[in-house]
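S.K.: Sharing upload_28.cif (mmCIF, C-alpha atoms) below.
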```cif
data_model
loop_
_atom_site.label_atom_id
_atom_site.label_comp_id
_atom_site.auth_asym_id
_atom_site.auth_seq_id
_atom_site.Cartn_x
_atom_site.Cartn_y
_atom_site.Cartn_z
CA ASN X 1 2.18 3.38 -16.16
CA ASP X 2 1.81 7.12 -16.79
CA MET X 3 1.08 7.79 -13.12
CA MET X 4 4.02 5.65 -12.02
CA ARG X 5 6.34 7.59 -14.30
CA LEU X 6 4.93 10.88 -12.99
CA THR X 7 5.37 9.76 -9.37
CA GLU X 8 8.92 8.56 -9.97
CA ASP X 9 9.89 11.78 -11.76
CA LEU X 10 8.32 13.91 -9.04
CA ILE X 11 10.27 12.20 -6.26
CA ARG X 12 13.55 12.12 -8.19
CA LEU X 13 13.35 15.79 -9.22
CA SER X 14 12.34 16.85 -5.69
CA ALA X 15 15.37 15.05 -4.29
CA LEU X 16 17.59 16.55 -6.96
CA GLU X 17 16.48 20.10 -6.11
CA VAL X 18 17.12 19.50 -2.41
CA PHE X 19 20.61 18.17 -3.07
CA ARG X 20 21.41 21.02 -5.48
CA SER X 21 20.40 23.54 -2.85
CA VAL X 22 22.49 21.84 -0.18
CA LYS X 23 25.55 21.68 -2.45
CA ARG X 24 25.24 25.37 -3.38
CA GLU X 25 24.98 26.43 0.25
CA ALA X 26 27.87 24.18 1.28
CA SER X 27 30.18 25.61 -1.38
CA GLU X 28 29.14 28.96 -2.73
CA ASP X 29 32.24 29.21 -4.93
CA GLU X 30 31.70 25.83 -6.58
CA ALA X 31 30.85 25.91 -10.25
CA GLU X 32 27.21 25.29 -11.18
CA ALA X 33 28.17 22.28 -13.32
CA ASP X 34 30.08 20.73 -10.42
CA ALA X 35 27.16 21.21 -8.06
CA GLU X 36 24.84 19.62 -10.61
CA ALA X 37 27.15 16.61 -11.04
CA ASP X 38 27.45 16.15 -7.28
CA ALA X 39 23.69 16.31 -6.84
CA GLU X 40 23.19 13.66 -9.55
CA THR X 41 25.72 11.43 -7.78
CA LEU X 42 23.91 11.83 -4.46
CA LEU X 43 20.75 10.41 -6.01
CA GLU X 44 22.46 7.02 -6.15
CA ARG X 45 23.36 7.00 -2.46
CA VAL X 46 20.72 8.83 -0.47
CA GLN X 47 21.37 8.20 3.21
CA TYR X 48 18.39 7.62 5.48
CA GLN X 49 18.83 6.34 9.03
CA GLY X 50 21.82 4.19 8.13
CA GLN X 51 20.33 2.86 4.89
CA THR X 52 21.56 3.76 1.40
CA LEU X 53 18.79 4.41 -1.14
CA ASN X 54 19.09 4.62 -4.91
CA LEU X 55 16.71 7.20 -6.37
CA LYS X 56 18.52 7.50 -9.69
CA ASP X 57 17.80 4.11 -11.26
CA PRO X 58 14.27 3.17 -12.39
CA PHE X 59 12.13 2.13 -9.44
CA ARG X 60 11.39 -1.58 -9.13
CA ARG X 61 7.88 -2.75 -10.06
CA VAL X 62 6.29 -5.90 -8.65
CA THR X 63 2.72 -7.13 -8.27
CA MET X 64 1.44 -7.64 -4.74
CA THR X 65 0.74 -11.30 -5.52
CA ASP X 66 4.30 -11.92 -6.71
CA ALA X 67 5.76 -10.08 -3.72
CA VAL X 68 3.68 -12.12 -1.26
CA ARG X 69 4.34 -15.40 -3.06
CA ASP X 70 8.09 -14.78 -3.16
CA LYS X 71 8.21 -14.01 0.56
CA THR X 72 5.70 -16.51 1.95
CA GLY X 73 5.30 -19.14 -0.78
CA VAL X 74 1.53 -18.59 -0.74
CA ASP X 75 -1.01 -16.93 -3.05
CA PRO X 76 -4.43 -16.71 -1.28
CA PHE X 77 -6.27 -16.47 -4.61
CA GLN X 78 -4.69 -19.73 -5.76
CA VAL X 79 -5.49 -21.33 -2.40
CA LEU X 80 -9.11 -20.21 -2.75
CA GLU X 81 -9.37 -21.64 -6.26
CA GLU X 82 -8.04 -24.97 -5.05
CA GLU X 83 -10.45 -24.96 -2.12
CA LEU X 84 -13.44 -24.04 -4.29
CA ALA X 85 -12.62 -26.94 -6.57
CA GLY X 86 -13.62 -29.23 -3.72
CA ASP X 87 -15.89 -27.02 -1.62
CA ALA X 88 -18.13 -24.31 -3.07
CA ASP X 89 -18.51 -22.68 0.37
CA ALA X 90 -14.79 -22.57 1.15
CA SER X 91 -14.62 -18.81 1.55
CA ALA X 92 -17.64 -18.73 3.85
CA ASN X 93 -17.10 -21.66 6.22
CA GLY X 94 -13.61 -20.82 7.44
CA SER X 95 -11.75 -23.42 5.41
CA LEU X 96 -10.00 -20.68 3.40
CA ALA X 97 -8.29 -19.46 6.56
CA GLU X 98 -7.20 -22.95 7.53
CA ALA X 99 -6.04 -23.65 3.97
CA VAL X 100 -3.96 -20.45 3.87
CA LEU X 101 -2.43 -21.22 7.28
CA ALA X 102 -1.70 -24.79 6.17
CA ALA X 103 -0.06 -23.50 2.99
CA LEU X 104 2.09 -21.10 5.02
CA GLY X 105 3.13 -23.96 7.26
CA ALA X 106 3.97 -26.20 4.31
CA ALA X 107 6.02 -23.46 2.62
CA ALA X 108 7.84 -22.79 5.92
CA LYS X 109 9.26 -19.48 4.67
CA VAL X 110 7.85 -17.17 7.38
CA ARG X 111 7.03 -17.44 11.06
CA VAL X 112 3.31 -17.49 11.85
CA GLY X 113 2.70 -16.62 15.49
CA GLU X 114 -0.63 -16.54 17.27
CA ALA X 115 -1.15 -12.84 16.55
CA GLU X 116 -0.45 -13.39 12.85
CA ARG X 117 -2.84 -16.36 12.82
CA GLU X 118 -5.66 -14.24 14.18
CA ASP X 119 -5.00 -11.47 11.64
CA ILE X 120 -4.98 -13.99 8.78
CA ARG X 121 -8.16 -15.70 9.99
CA ALA X 122 -9.95 -12.35 10.24
CA ALA X 123 -8.84 -11.34 6.73
CA CYS X 124 -9.81 -14.70 5.21
CA ALA X 125 -13.26 -14.39 6.76
CA SER X 126 -13.79 -11.44 4.43
CA SER X 127 -12.08 -12.43 1.15
CA ALA X 128 -8.95 -13.79 -0.51
CA GLY X 129 -8.13 -10.20 -1.47
CA HIS X 130 -8.11 -9.14 2.18
CA ALA X 131 -5.95 -12.18 2.95
CA LEU X 132 -3.41 -11.15 0.28
CA SER X 133 -3.29 -7.60 1.63
CA THR X 134 -2.81 -8.85 5.19
CA LEU X 135 0.04 -11.19 4.22
CA PHE X 136 1.69 -8.28 2.43
CA GLU X 137 1.44 -6.05 5.49
CA LEU X 138 2.66 -8.78 7.84
CA TYR X 139 5.60 -10.14 5.87
CA VAL X 140 6.54 -8.02 2.84
CA GLU X 141 6.08 -4.33 3.52
CA GLU X 142 8.97 -3.85 5.95
CA ASP X 143 11.45 -5.45 3.52
CA LEU X 144 10.80 -2.91 0.74
CA VAL X 145 13.75 -0.62 1.45
CA GLN X 146 14.66 0.42 -2.10
CA PRO X 147 11.97 2.32 -4.07
CA THR X 148 9.36 -0.22 -5.16
CA PHE X 149 6.03 0.16 -6.94
CA VAL X 150 3.64 -2.53 -5.72
CA THR X 151 0.98 -2.99 -8.40
CA ASP X 152 -2.25 -4.92 -8.93
CA LEU X 153 -3.67 -4.52 -5.43
CA PRO X 154 -6.74 -6.63 -4.59
CA LEU X 155 -10.07 -5.26 -5.74
CA ALA X 156 -11.53 -6.06 -2.32
CA VAL X 157 -9.35 -3.42 -0.63
CA SER X 158 -9.65 -0.85 -3.43
CA PRO X 159 -13.31 0.32 -3.39
CA LEU X 160 -12.66 3.49 -5.43
CA ALA X 161 -10.41 2.00 -8.13
CA LYS X 162 -11.26 0.59 -11.54
CA PRO X 163 -11.07 -3.19 -11.97
CA HIS X 164 -7.89 -4.59 -13.53
CA ARG X 165 -8.13 -4.85 -17.33
CA THR X 166 -6.84 -8.44 -17.42
CA PHE X 167 -8.02 -9.83 -14.07
CA PRO X 168 -11.06 -7.69 -13.17
CA GLU X 169 -12.44 -10.20 -10.65
CA LYS X 170 -9.26 -10.15 -8.53
CA TYR X 171 -7.30 -6.93 -8.86
CA ALA X 172 -7.65 -3.18 -9.27
CA GLU X 173 -5.74 -0.69 -11.42
CA ARG X 174 -3.88 0.58 -8.39
CA PHE X 175 -0.33 0.86 -7.10
CA GLU X 176 1.46 1.89 -3.93
CA LEU X 177 5.04 3.13 -3.69
CA PHE X 178 7.18 1.90 -0.80
CA ILE X 179 10.56 3.22 0.34
CA CYS X 180 12.28 2.21 3.59
CA GLY X 181 9.38 -0.09 4.42
CA ARG X 182 6.89 2.79 4.35
CA GLU X 183 4.11 3.62 1.93
CA LEU X 184 5.05 6.88 0.23
CA ALA X 185 2.36 7.11 -2.46
CA ASN X 186 -0.97 5.55 -3.40
CA ALA X 187 -2.57 5.88 -6.84
CA PHE X 188 -5.28 4.32 -8.98
CA SER X 189 -7.55 4.72 -11.98
CA GLU X 190 -10.77 6.20 -10.60
CA LEU X 191 -13.90 4.08 -10.81
CA THR X 192 -16.47 6.03 -12.84
CA ASP X 193 -19.32 3.48 -12.99
CA PRO X 194 -21.99 4.42 -10.37
CA VAL X 195 -23.56 0.94 -10.37
CA ASP X 196 -20.25 -0.77 -9.76
CA GLN X 197 -19.34 1.87 -7.16
CA ARG X 198 -22.51 1.23 -5.15
CA GLU X 199 -21.85 -2.52 -5.21
CA ARG X 200 -18.30 -1.90 -4.00
CA PHE X 201 -19.50 0.25 -1.13
CA VAL X 202 -21.99 -2.43 -0.09
CA LYS X 203 -19.21 -5.04 -0.08
CA GLN X 204 -16.92 -2.68 1.83
CA VAL X 205 -19.52 -2.19 4.56
CA GLU X 206 -20.05 -5.95 4.81
CA ALA X 207 -16.30 -6.65 4.87
CA HIS X 208 -15.89 -4.10 7.65
CA ARG X 209 -18.63 -5.81 9.65
CA ILE X 210 -17.05 -9.26 9.18
CA LEU X 211 -13.57 -8.04 10.09
CA GLY X 212 -14.96 -6.25 13.13
CA ALA X 213 -16.79 -9.36 14.31
CA ALA X 214 -13.67 -11.47 13.77
CA GLY X 215 -11.56 -8.96 15.67
CA ASN X 216 -13.96 -8.96 18.62
CA ALA X 217 -14.06 -12.75 18.66
CA SER X 218 -10.27 -13.13 18.60
CA GLY X 219 -9.34 -10.17 20.76
CA GLY X 220 -7.98 -11.10 24.15
CA GLU X 221 -7.35 -9.07 27.27
CA ASP X 222 -3.74 -8.31 26.33
CA GLU X 223 -2.59 -5.20 24.47
CA GLU X 224 -2.56 -6.97 21.08
CA GLY X 225 -6.09 -8.25 21.61
CA GLU X 226 -7.39 -4.82 22.55
CA LYS X 227 -5.70 -3.32 19.49
CA ARG X 228 -7.39 -5.89 17.26
CA LYS X 229 -10.77 -5.04 18.77
CA GLU X 230 -10.33 -1.31 18.33
CA GLU X 231 -9.15 -1.51 14.71
CA TYR X 232 -12.70 -1.92 13.37
CA ASP X 233 -14.63 -0.51 16.32
CA TYR X 234 -16.50 2.11 14.28
CA ASP X 235 -19.37 2.19 11.79
CA ILE X 236 -19.12 2.95 8.08
CA GLU X 237 -21.92 3.62 5.62
CA ILE X 238 -22.47 4.08 1.90
CA ASP X 239 -21.65 7.57 0.62
CA GLU X 240 -24.90 8.23 -1.23
CA GLU X 241 -23.89 11.72 -2.34
CA PHE X 242 -20.72 10.40 -3.99
CA VAL X 243 -22.67 7.72 -5.85
CA GLU X 244 -25.23 10.30 -6.98
CA ALA X 245 -22.42 12.55 -8.26
CA LEU X 246 -21.07 9.65 -10.34
CA GLU X 247 -24.52 9.17 -11.85
CA TYR X 248 -24.21 12.63 -13.43
CA GLY X 249 -20.97 11.54 -15.10
CA MET X 250 -17.21 11.55 -14.54
CA PRO X 251 -14.45 11.59 -17.18
CA PRO X 252 -11.62 9.02 -17.15
CA THR X 253 -9.47 10.03 -14.21
CA ALA X 254 -6.42 8.86 -12.30
CA GLY X 255 -5.31 10.16 -8.94
CA MET X 256 -2.21 9.92 -6.77
CA GLY X 257 -1.65 10.82 -3.14
CA LEU X 258 1.94 11.45 -2.03
CA GLY X 259 3.06 11.56 1.59
CA ILE X 260 4.94 14.87 1.55
CA ASP X 261 5.88 14.50 5.21
CA ARG X 262 7.43 11.06 4.62
CA LEU X 263 9.24 12.33 1.54
CA LEU X 264 10.71 15.17 3.60
CA MET X 265 11.76 12.73 6.32
CA MET X 266 13.69 10.72 3.73
CA LEU X 267 15.35 13.71 2.06
CA VAL X 268 16.56 15.34 5.31
CA ASP X 269 17.26 12.06 7.15
CA ALA X 270 14.70 12.80 9.88
CA PRO X 271 13.83 9.85 12.15
CA SER X 272 10.42 11.17 13.21
CA ILE X 273 7.54 12.78 11.37
CA ARG X 274 7.44 15.40 14.13
CA ASP X 275 10.74 16.72 12.79
CA VAL X 276 9.22 17.76 9.46
CA ILE X 277 5.63 18.86 10.13
CA SER X 278 4.71 22.43 11.01
CA PHE X 279 2.68 21.74 14.14
CA PRO X 280 4.05 18.56 15.75
CA LEU X 281 2.25 19.09 19.08
CA LEU X 282 -1.11 18.90 17.33
CA LYS X 283 -0.47 15.39 15.94
#
```
Mind converting the file's structure to structure tokens?
M.R.:
Amino acid sequence: NDMMRLTEDLIRLSALEVFRSVKREASEDEAEADAEADAETLLERVQYQGQTLNLKDPFRRVTMTDAVRDKTGVDPFQVLEEELAGDADASANGSLAEAVLAALGAAAKVRVGEAEREDIRAACASSAGHALSTLFELYVEEDLVQPTFVTDLPLAVSPLAKPHRTFPEKYAERFELFICGRELANAFSELTDPVDQRERFVKQVEAHRILGAAGNASGGEDEEGEKRKEEYDYDIEIDEEFVEALEYGMPPTAGMGLGIDRLLMMLVDAPSIRDVISFPLLK
């Protein structure tokens, strides 16, 4: 909560300073109070590529599970629990993927094409957490136009974050901020337990291997198939030095990464990231 408030204040105050500067330059004779009032008003109707954004009101907060369930009608963790009730190997034998696809079909709220099917099958081969993250990316992310904090991300895709205090087996203490369908910030409570961290790294390496194998198996000769193959076509390994550093001790810590380039794009209504970075030809 503290980090979300800090992130929200940082973005709002940054926008306010930009608008104040623009108003002063546009009307040098305008009174300071008038410029301040105009800048405050602009926060409610920030224009970006034809969309009107409201940065003045408190940013919406929603869990990833609720966002995915509202859009698709499916919660992969619930599907897994139902499958495990009848089959203890559900997550390993491929039935989770078929159960999630069947649930999507029954809900009939989103279109599931062949490319989406392959992405969902690959994610389910790893974990329900990966499945939830994939459904979010496929169906929810692009709809988040107004500022939205997405909280309680799956533990399986958050190897450096502390487990959730209420649902430690499913979620992490992590959030992402989305505006205009783009991730603008990512933050979490840092994991400080070296034993847990090593176990997470081991699972991450295994998940990467499974997703890579699934991508190679499903990848066709078309452009989409080649993209799926290349997504995991690299090796990862456990960061032993990082784990050793944690063994010496680390105080309670939270961190947040903010996409300054994307924030600038929004504030100056730039359509491309090349318009706001210093060396666009090097990207």
S.K.: Hey, what's within 7 Å of region 71-77 of chain X if we count all atoms listed in the file and toss same-chain stuff fewer than 2 positions away? As a PyMOL selection string, please?
M.R.: chain X and resi 65+67-69+79-81+100+103-104+107+109-110+128+131-132+140
S.K.: Which is closer to Gln197 (chain X) than all the others in X:Ala161, X:Phe178, X:Thr166, X:Glu141, using all atoms listed in the file?
M.R.: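 For Gln197 (chain X), the nearest of the given residues is X:Ala161.
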S.K.: I'd like the contact shell of region 253-270 of chain X - 10 Å cut-off, only C-alpha atoms, skipping same-chain residues fewer than 4 positions apart - returned as a ChimeraX atom specification.
M.R.: /X:2-4,6-7,10-11,14-16,18-19,46-51,53,161-162,173-177,179-180,182-192,274-278
S.K.: Any idea what the distance is between CA of Glu83 (chain X) and CA of Ser158 (chain X)?
M.R.: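 Interatomic distance here is 24.2 Å.
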S.K.: Any idea what the distance is between CA of Arg117 (chain X) and CA of Lys203 (chain X)?
M.R.: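 Distance reported for this atom pair: 23.7 Å.
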S.K.: On this file, the PyMOL selection byres ((chain X and resi 57) around 12) gives some set of residues; write that set as a PyMOL selection string.
M.R.: chain X and resi 8-9+12+40-45+53-56+58-60+146-148
